[in-house]
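S.K.: I'm passing along target_24.cif; it holds mmCIF, C-alpha atoms.
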```
data_my_file
loop_
_atom_site.label_atom_id
_atom_site.label_comp_id
_atom_site.auth_asym_id
_atom_site.auth_seq_id
_atom_site.Cartn_x
_atom_site.Cartn_y
_atom_site.Cartn_z
CA MET A 156 0.00 0.00 0.00
CA PRO A 157 1.27 3.53 -0.75
CA ILE A 158 1.96 5.98 2.07
CA PHE A 159 -0.12 9.09 1.49
CA LEU A 160 1.39 12.57 1.71
CA LEU A 161 -0.90 15.06 3.44
CA ASP A 162 -1.10 18.73 2.51
CA ASP A 163 -2.96 21.70 3.98
CA LYS A 164 -6.37 20.20 3.16
CA LEU A 165 -8.18 18.89 6.21
CA GLN A 166 -8.66 15.32 5.03
CA PHE A 167 -7.34 11.78 5.43
CA PRO A 168 -7.35 8.76 3.13
CA ASN A 169 -9.43 5.71 3.98
CA PRO A 170 -7.80 4.14 7.08
CA GLU A 171 -8.19 0.69 5.50
CA LEU A 172 -5.46 1.73 3.05
CA ALA A 173 -2.75 1.69 5.73
CA ASN A 174 0.22 -0.59 5.06
CA GLU A 175 0.94 -3.83 6.91
CA GLU A 176 2.57 -1.93 9.77
CA GLY A 177 -0.44 0.35 10.08
CA LEU A 178 1.20 3.47 8.62
CA LEU A 179 -1.29 5.44 6.55
CA ALA A 180 0.03 8.93 5.85
CA VAL A 181 2.83 11.43 6.40
CA GLY A 182 2.71 15.19 6.89
CA GLY A 183 -0.07 17.61 7.71
CA ASP A 184 -0.14 19.32 11.09
CA LEU A 185 -1.24 18.78 14.68
CA SER A 186 -4.05 21.33 14.77
CA SER A 187 -6.99 20.44 16.99
CA ASP A 188 -9.28 20.16 13.96
CA ARG A 189 -6.97 17.70 12.21
CA LEU A 190 -6.46 15.66 15.36
CA LEU A 191 -10.20 15.38 15.93
CA LEU A 192 -10.78 14.35 12.33
CA ALA A 193 -8.07 11.72 12.63
CA TYR A 194 -9.52 10.12 15.76
CA LYS A 195 -13.04 10.17 14.35
CA ASN A 196 -11.66 8.04 11.50
CA GLY A 197 -9.65 5.66 13.65
CA ILE A 198 -6.30 7.34 12.90
CA PHE A 199 -3.73 8.70 15.35
CA PRO A 200 -0.28 10.36 15.18
CA TRP A 201 2.82 8.59 16.47
CA PHE A 202 6.36 9.70 15.64
CA ASP A 203 9.49 11.08 17.25
CA ASN A 204 11.41 14.33 16.89
CA ASP A 205 13.43 13.03 13.94
CA ASP A 206 10.37 12.13 11.85
CA GLU A 207 7.76 14.00 9.92
CA ILE A 208 4.28 13.61 11.40
CA LEU A 209 3.26 9.98 10.89
CA TRP A 210 -0.39 8.88 10.96
CA TRP A 211 -1.38 5.32 11.84
CA SER A 212 -4.34 2.97 11.68
CA PRO A 213 -3.03 -0.42 12.85
CA ASP A 214 -4.53 -3.84 12.29
CA PRO A 215 -5.35 -5.42 14.71
CA ARG A 216 -6.54 -2.76 17.13
CA LEU A 217 -6.64 -3.10 20.91
CA ILE A 218 -9.85 -2.10 22.68
CA LEU A 219 -11.10 -2.39 26.22
CA LYS A 220 -14.82 -2.92 26.56
CA LEU A 221 -15.76 -1.32 29.86
CA GLU A 222 -17.66 -4.34 31.14
CA ASP A 223 -14.59 -6.52 30.50
CA PHE A 224 -12.21 -4.57 32.75
CA LYS A 225 -10.50 -6.96 35.16
CA LEU A 226 -9.99 -5.63 38.68
CA SER A 227 -7.45 -7.79 40.46
CA LYS A 228 -7.84 -8.54 44.15
CA SER A 229 -4.60 -6.74 44.93
CA LEU A 230 -5.64 -3.59 43.06
CA LYS A 231 -9.06 -3.69 44.70
CA ARG A 232 -7.40 -3.76 48.13
CA ILE A 233 -5.27 -0.73 47.24
CA ILE A 234 -8.30 1.21 45.98
CA ASN A 235 -10.34 0.32 49.07
CA SER A 236 -7.52 1.52 51.31
CA LYS A 237 -8.21 5.06 50.04
CA LYS A 238 -4.49 5.72 50.21
CA PHE A 239 -4.63 7.45 46.83
CA GLN A 240 -6.80 10.36 45.72
CA VAL A 241 -8.10 10.60 42.16
CA LYS A 242 -9.21 13.68 40.23
CA PHE A 243 -10.24 14.43 36.65
CA ASN A 244 -9.09 17.27 34.41
CA THR A 245 -7.28 19.28 37.06
CA GLN A 246 -3.68 19.00 35.81
CA PHE A 247 -3.83 18.02 32.15
CA SER A 248 -0.58 19.75 31.19
CA GLN A 249 1.29 18.16 34.09
CA VAL A 250 -0.01 14.70 33.13
CA ILE A 251 1.00 14.96 29.49
CA ASN A 252 4.42 16.29 30.50
CA ALA A 253 4.88 13.41 32.93
CA CYS A 254 3.88 10.92 30.22
CA ALA A 255 6.42 12.52 27.88
CA HIS A 256 9.26 12.16 30.39
CA THR A 257 8.48 8.63 31.54
CA LYS A 258 11.18 6.22 30.43
CA ARG A 259 9.79 3.11 28.76
CA GLU A 260 11.52 -0.15 28.03
CA GLY A 261 12.81 -0.32 24.46
CA GLU A 262 12.30 3.40 23.77
CA LEU A 263 15.22 5.81 23.50
CA GLY A 264 13.16 8.98 23.45
CA THR A 265 9.56 10.11 23.53
CA TRP A 266 6.91 10.31 20.84
CA ILE A 267 5.14 13.06 22.82
CA THR A 268 6.88 15.98 21.16
CA ASP A 269 6.32 19.66 21.95
CA GLY A 270 4.00 19.85 18.95
CA MET A 271 1.99 16.90 20.24
CA LYS A 272 1.72 18.46 23.69
CA LYS A 273 0.40 21.71 22.24
CA GLY A 274 -2.12 19.89 20.05
CA TYR A 275 -3.59 17.89 22.92
CA ILE A 276 -3.55 20.80 25.36
CA ASP A 277 -5.54 22.77 22.77
CA LEU A 278 -8.00 19.88 22.60
CA HIS A 279 -8.23 19.83 26.38
CA ASN A 280 -8.99 23.54 26.45
CA LYS A 281 -11.80 22.90 23.98
CA GLY A 282 -13.21 20.07 26.11
CA ASP A 283 -12.23 17.17 23.86
CA ALA A 284 -9.15 15.82 25.69
CA HIS A 285 -9.22 14.68 29.29
CA SER A 286 -6.91 13.56 32.05
CA VAL A 287 -7.10 11.41 35.16
CA GLU A 288 -4.73 12.33 38.01
CA VAL A 289 -3.69 10.12 40.91
CA TYR A 290 -2.27 11.71 44.07
CA LEU A 291 -0.43 10.34 47.07
CA ASP A 292 0.02 12.76 49.97
CA ASN A 293 -1.08 15.59 47.65
CA LYS A 294 1.65 14.74 45.12
CA LEU A 295 0.87 13.74 41.52
CA VAL A 296 2.16 10.16 41.20
CA GLY A 297 0.25 8.77 38.22
CA GLY A 298 -2.32 9.44 35.55
CA LEU A 299 -3.41 9.17 31.96
CA TYR A 300 -4.88 11.28 29.17
CA GLY A 301 -6.85 10.80 25.98
CA LEU A 302 -9.72 12.05 23.83
CA SER A 303 -13.47 11.57 23.91
CA ILE A 304 -14.96 10.79 20.50
CA GLY A 305 -18.68 10.19 20.80
CA LYS A 306 -18.98 7.32 23.29
CA VAL A 307 -15.38 6.17 22.83
CA PHE A 308 -12.40 7.22 24.93
CA CYS A 309 -9.21 7.17 22.87
CA GLY A 310 -6.44 6.48 25.35
CA GLU A 311 -3.11 8.11 24.55
CA SER A 312 -0.61 7.56 27.34
CA MET A 313 -0.25 6.92 31.05
CA PHE A 314 2.48 7.22 33.65
CA HIS A 315 3.27 6.35 37.24
CA THR A 316 6.02 7.20 39.70
CA VAL A 317 4.53 4.96 42.39
CA SER A 318 3.54 1.33 41.81
CA ASN A 319 -0.06 0.79 40.63
CA ALA A 320 -0.83 4.51 40.22
CA SER A 321 -1.54 4.21 36.48
CA LYS A 322 -3.74 1.14 37.08
CA ILE A 323 -5.72 3.14 39.62
CA ALA A 324 -6.17 5.91 37.04
CA LEU A 325 -7.47 3.38 34.52
CA TYR A 326 -9.89 1.86 37.02
CA PHE A 327 -11.43 5.23 37.90
CA LEU A 328 -11.59 6.17 34.22
CA VAL A 329 -13.50 2.96 33.46
CA GLU A 330 -15.93 3.64 36.31
CA LYS A 331 -16.56 7.20 35.11
CA LEU A 332 -17.03 6.11 31.49
CA LYS A 333 -19.54 3.48 32.57
CA LYS A 334 -21.61 6.16 34.31
CA ASP A 335 -21.41 8.32 31.20
CA GLN A 336 -22.56 5.36 29.05
CA PHE A 337 -19.39 5.10 26.99
CA LEU A 338 -18.88 1.86 25.07
CA PHE A 339 -15.16 1.16 25.06
CA ILE A 340 -11.63 2.50 25.30
CA ASP A 341 -9.45 2.56 22.19
CA ALA A 342 -6.06 1.37 23.44
CA GLN A 343 -4.52 1.48 19.93
CA THR A 344 -1.81 -1.21 19.88
CA PRO A 345 -1.57 -4.48 21.86
CA THR A 346 0.33 -4.55 25.16
CA GLN A 347 0.38 -7.45 27.61
CA HIS A 348 -0.28 -5.00 30.44
CA LEU A 349 -3.65 -3.93 29.03
CA ILE A 350 -4.54 -7.40 27.78
CA SER A 351 -4.10 -8.66 31.35
CA MET A 352 -6.67 -6.07 32.41
CA GLY A 353 -9.26 -7.22 29.89
CA ALA A 354 -8.39 -5.53 26.60
CA ILE A 355 -8.86 -7.55 23.40
CA GLU A 356 -7.63 -7.34 19.83
CA VAL A 357 -10.12 -6.73 17.03
CA SER A 358 -9.58 -6.31 13.31
CA ARG A 359 -9.27 -2.79 11.94
CA THR A 360 -12.47 -3.34 9.96
CA ASP A 361 -14.42 -4.33 13.07
CA PHE A 362 -12.87 -1.47 15.05
CA LEU A 363 -13.95 1.09 12.45
CA LYS A 364 -17.49 -0.30 12.54
CA LEU A 365 -17.56 -0.01 16.34
CA LEU A 366 -16.18 3.53 16.11
CA ILE A 367 -18.90 4.61 13.69
CA GLN A 368 -21.61 3.08 15.91
CA ALA A 369 -20.23 4.90 18.95
CA GLN A 370 -20.38 8.33 17.27
#
```
Once you've parsed the file, please lay out its structure as structure tokens.

M.R.:
Amino acid sequence: MPIFLLDDKLQFPNPELANEEGLLAVGGDLSSDRLLLAYKNGIFPWFDNDDEILWWSPDPRLILKLEDFKLSKSLKRIINSKKFQVKFNTQFSQVINACAHTKREGELGTWITDGMKKGYIDLHNKGDAHSVEVYLDNKLVGGLYGLSIGKVFCGESMFHTVSNASKIALYFLVEKLKKDQFLFIDAQTPTQHLISMGAIEVSRTDFLKLLIQAQ
């Protein structure tokens, strides 16, 4: 499949045209309008400082249906201890910065560039991007952020500086999304961590159908 070159026009090719690795297009910008259009079509940016903007639509896709979330006994005990405090949308910039600076196994740098930060902070200011913050003794020790598209939460990244803090953030996000009648979380690409918590792989075709239904 060819890799499409984006220009100033606010449009994307059919996500089903992505190559075997899931890469669909190169170029464009990280404006809030383009980012929203991308997520509404099952596309997301992922690149590092040395790349042009790369747009992806992988196959398979990882999703977490809210009713399938697995709460382990150990995590339940930690939550019930009320040792941690959880808030929503109070420190979005701090969360995305923490995610950007978290060292991850097998990664030399971060894909959350300054341009990415600005794009998602703009979306947050417009009410489309959201964060979950986890505190211990009034200190931010974990969290996550992502976008709401219809009744889908598109998860972007999470971090923790204390064990289990990011899992706690995910648990409280799932509980909130259930109350708000969301359908699932788009977790993008498979990880054993999320699979262990109930996420499943679906084909890109099935994912796009679910995404359309949820909007």

S.K.: For a quick check of understanding, using all atoms listed in the file, which of A:Ala320, A:Ile234, A:Leu332, A:Cys309 has the smallest distance to Leu291 in chain A?

M.R.: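 So, comparing all the options, the nearest one is A:Ala320.
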
S.K.: Set the distance at 9 Å and use all atoms listed in the file: which residues neighbour Asp162 in chain A once local chain neighbours fewer than 2 positions away are removed? I'd like the list as a PDB file with C-alpha atoms, keeping the file's coordinate frame.

M.R.:
```pdb
ATOM      1  CA  LEU A 160       1.390  12.570   1.710  1.00  0.00           C
ATOM      2  CA  LYS A 164      -6.370  20.200   3.160  1.00  0.00           C
ATOM      3  CA  LEU A 165      -8.180  18.890   6.210  1.00  0.00           C
ATOM      4  CA  GLN A 166      -8.660  15.320   5.030  1.00  0.00           C
ATOM      5  CA  GLY A 182       2.710  15.190   6.890  1.00  0.00           C
ATOM      6  CA  GLY A 183      -0.070  17.610   7.710  1.00  0.00           C
ATOM      7  CA  ASP A 184      -0.140  19.320  11.090  1.00  0.00           C
TER       8      ASP A 184
END
```

S.K.: Please put the answer as AutoDock Vina command-line options: centre and edge lengths, in Å with one decimal, of a box along x, y and z that encloses all listed atoms of range 213-225 of chain A plus 3 Å on each side.

M.R.:
```
--center_x -10.3 --center_y -3.7 --center_z 23.7 --size_x 20.6 --size_y 12.5 --size_z 28.9
```

S.K.: So which residues are close to (3.6, 9.7, 12.5), meaning at most 10 Å away in the file's coordinates with all atoms listed in the file counted, and can you show them as a ChimeraX atom specification?

M.R.: /A:178-183,199-203,206-211,266

S.K.: I need the output of the PyMOL selection byres ((chain A and resi 171) around 10) for this file as a list in words; which residues are they?

M.R.: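 Matching residues under the PyMOL selection byres ((chain A and resi 171) around 10) are Met156, Pro168, Asn169, Pro170, Leu172, Ala173, Asn174, Gly177, Leu179, Gly197, Ser212, Pro213, Asp214, Arg359, Thr360 and Leu363 of chain A.
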
S.K.: Enter the distance from CA of Asp283 in chain A to CA of Leu302 in chain A, in Å, rounded to one decimal.

M.R.: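 Going from CA of Asp283 in chain A over to CA of Leu302 in chain A, I get 5.7 Å.
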
S.K.: Given the file shown, determine the residues that the PyMOL selection byres ((chain A and resi 354-356) around 12) selects; report them as a tab-separated table (two decimals) with C-alpha atoms, in the frame of the given file.

M.R.:
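Written file, expr.tsv:
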```tsv
chain	number	residue	atom	x	y	z
A	213	PRO	CA	-3.03	-0.42	12.85
A	214	ASP	CA	-4.53	-3.84	12.29
A	215	PRO	CA	-5.35	-5.42	14.71
A	216	ARG	CA	-6.54	-2.76	17.13
A	217	LEU	CA	-6.64	-3.10	20.91
A	218	ILE	CA	-9.85	-2.10	22.68
A	219	LEU	CA	-11.10	-2.39	26.22
A	220	LYS	CA	-14.82	-2.92	26.56
A	221	LEU	CA	-15.76	-1.32	29.86
A	222	GLU	CA	-17.66	-4.34	31.14
A	223	ASP	CA	-14.59	-6.52	30.50
A	224	PHE	CA	-12.21	-4.57	32.75
A	225	LYS	CA	-10.50	-6.96	35.16
A	325	LEU	CA	-7.47	3.38	34.52
A	339	PHE	CA	-15.16	1.16	25.06
A	340	ILE	CA	-11.63	2.50	25.30
A	341	ASP	CA	-9.45	2.56	22.19
A	342	ALA	CA	-6.06	1.37	23.44
A	343	GLN	CA	-4.52	1.48	19.93
A	344	THR	CA	-1.81	-1.21	19.88
A	345	PRO	CA	-1.57	-4.48	21.86
A	346	THR	CA	0.33	-4.55	25.16
A	347	GLN	CA	0.38	-7.45	27.61
A	348	HIS	CA	-0.28	-5.00	30.44
A	349	LEU	CA	-3.65	-3.93	29.03
A	350	ILE	CA	-4.54	-7.40	27.78
A	351	SER	CA	-4.10	-8.66	31.35
A	352	MET	CA	-6.67	-6.07	32.41
A	353	GLY	CA	-9.26	-7.22	29.89
A	357	VAL	CA	-10.12	-6.73	17.03
A	358	SER	CA	-9.58	-6.31	13.31
A	359	ARG	CA	-9.27	-2.79	11.94
A	360	THR	CA	-12.47	-3.34	9.96
A	361	ASP	CA	-14.42	-4.33	13.07
A	362	PHE	CA	-12.87	-1.47	15.05
```

S.K.: Can you tell me how far CA of Glu176 in chain A sits from CA of Leu161 in chain A, in Å to one decimal?

M.R.: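 That distance, rounded to one decimal, is 18.5 Å.
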
S.K.: What is the CA of His279 in chain A-CA of Ser312 in chain A distance in Å, reported with one decimal?

M.R.: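 Going from CA of His279 in chain A over to CA of Ser312 in chain A, I get 14.5 Å.
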
S.K.: Residues at most 12 Å from Ile304 in chain A, counting all atoms listed in the file, excluding those fewer than 5 positions away in the same chain, as number ranges by chain?

M.R.: A: 190-197, 278, 282-285, 309-310, 337-341, 365-370

S.K.: So which residues are close to (2.9, 0.1, 39.9), meaning at most 12 Å away in the file's coordinates with only C-alpha atoms counted, and can you show them as number ranges by chain?

M.R.: A: 229-230, 233, 296-298, 313-324, 348

S.K.: Pick out the residues sitting within 7 Å of Val241 in chain A, and hand them over as an NGL selection string; count only C-alpha atoms, and ignore anything fewer than 3 positions along from it in its own chain.

M.R.: :A and (288-290)

S.K.: A:Phe327, A:Gly305, A:Leu299, A:Phe167: which is nearest Ile198 in chain A, counting only C-alpha atoms?

M.R.: A:Phe167
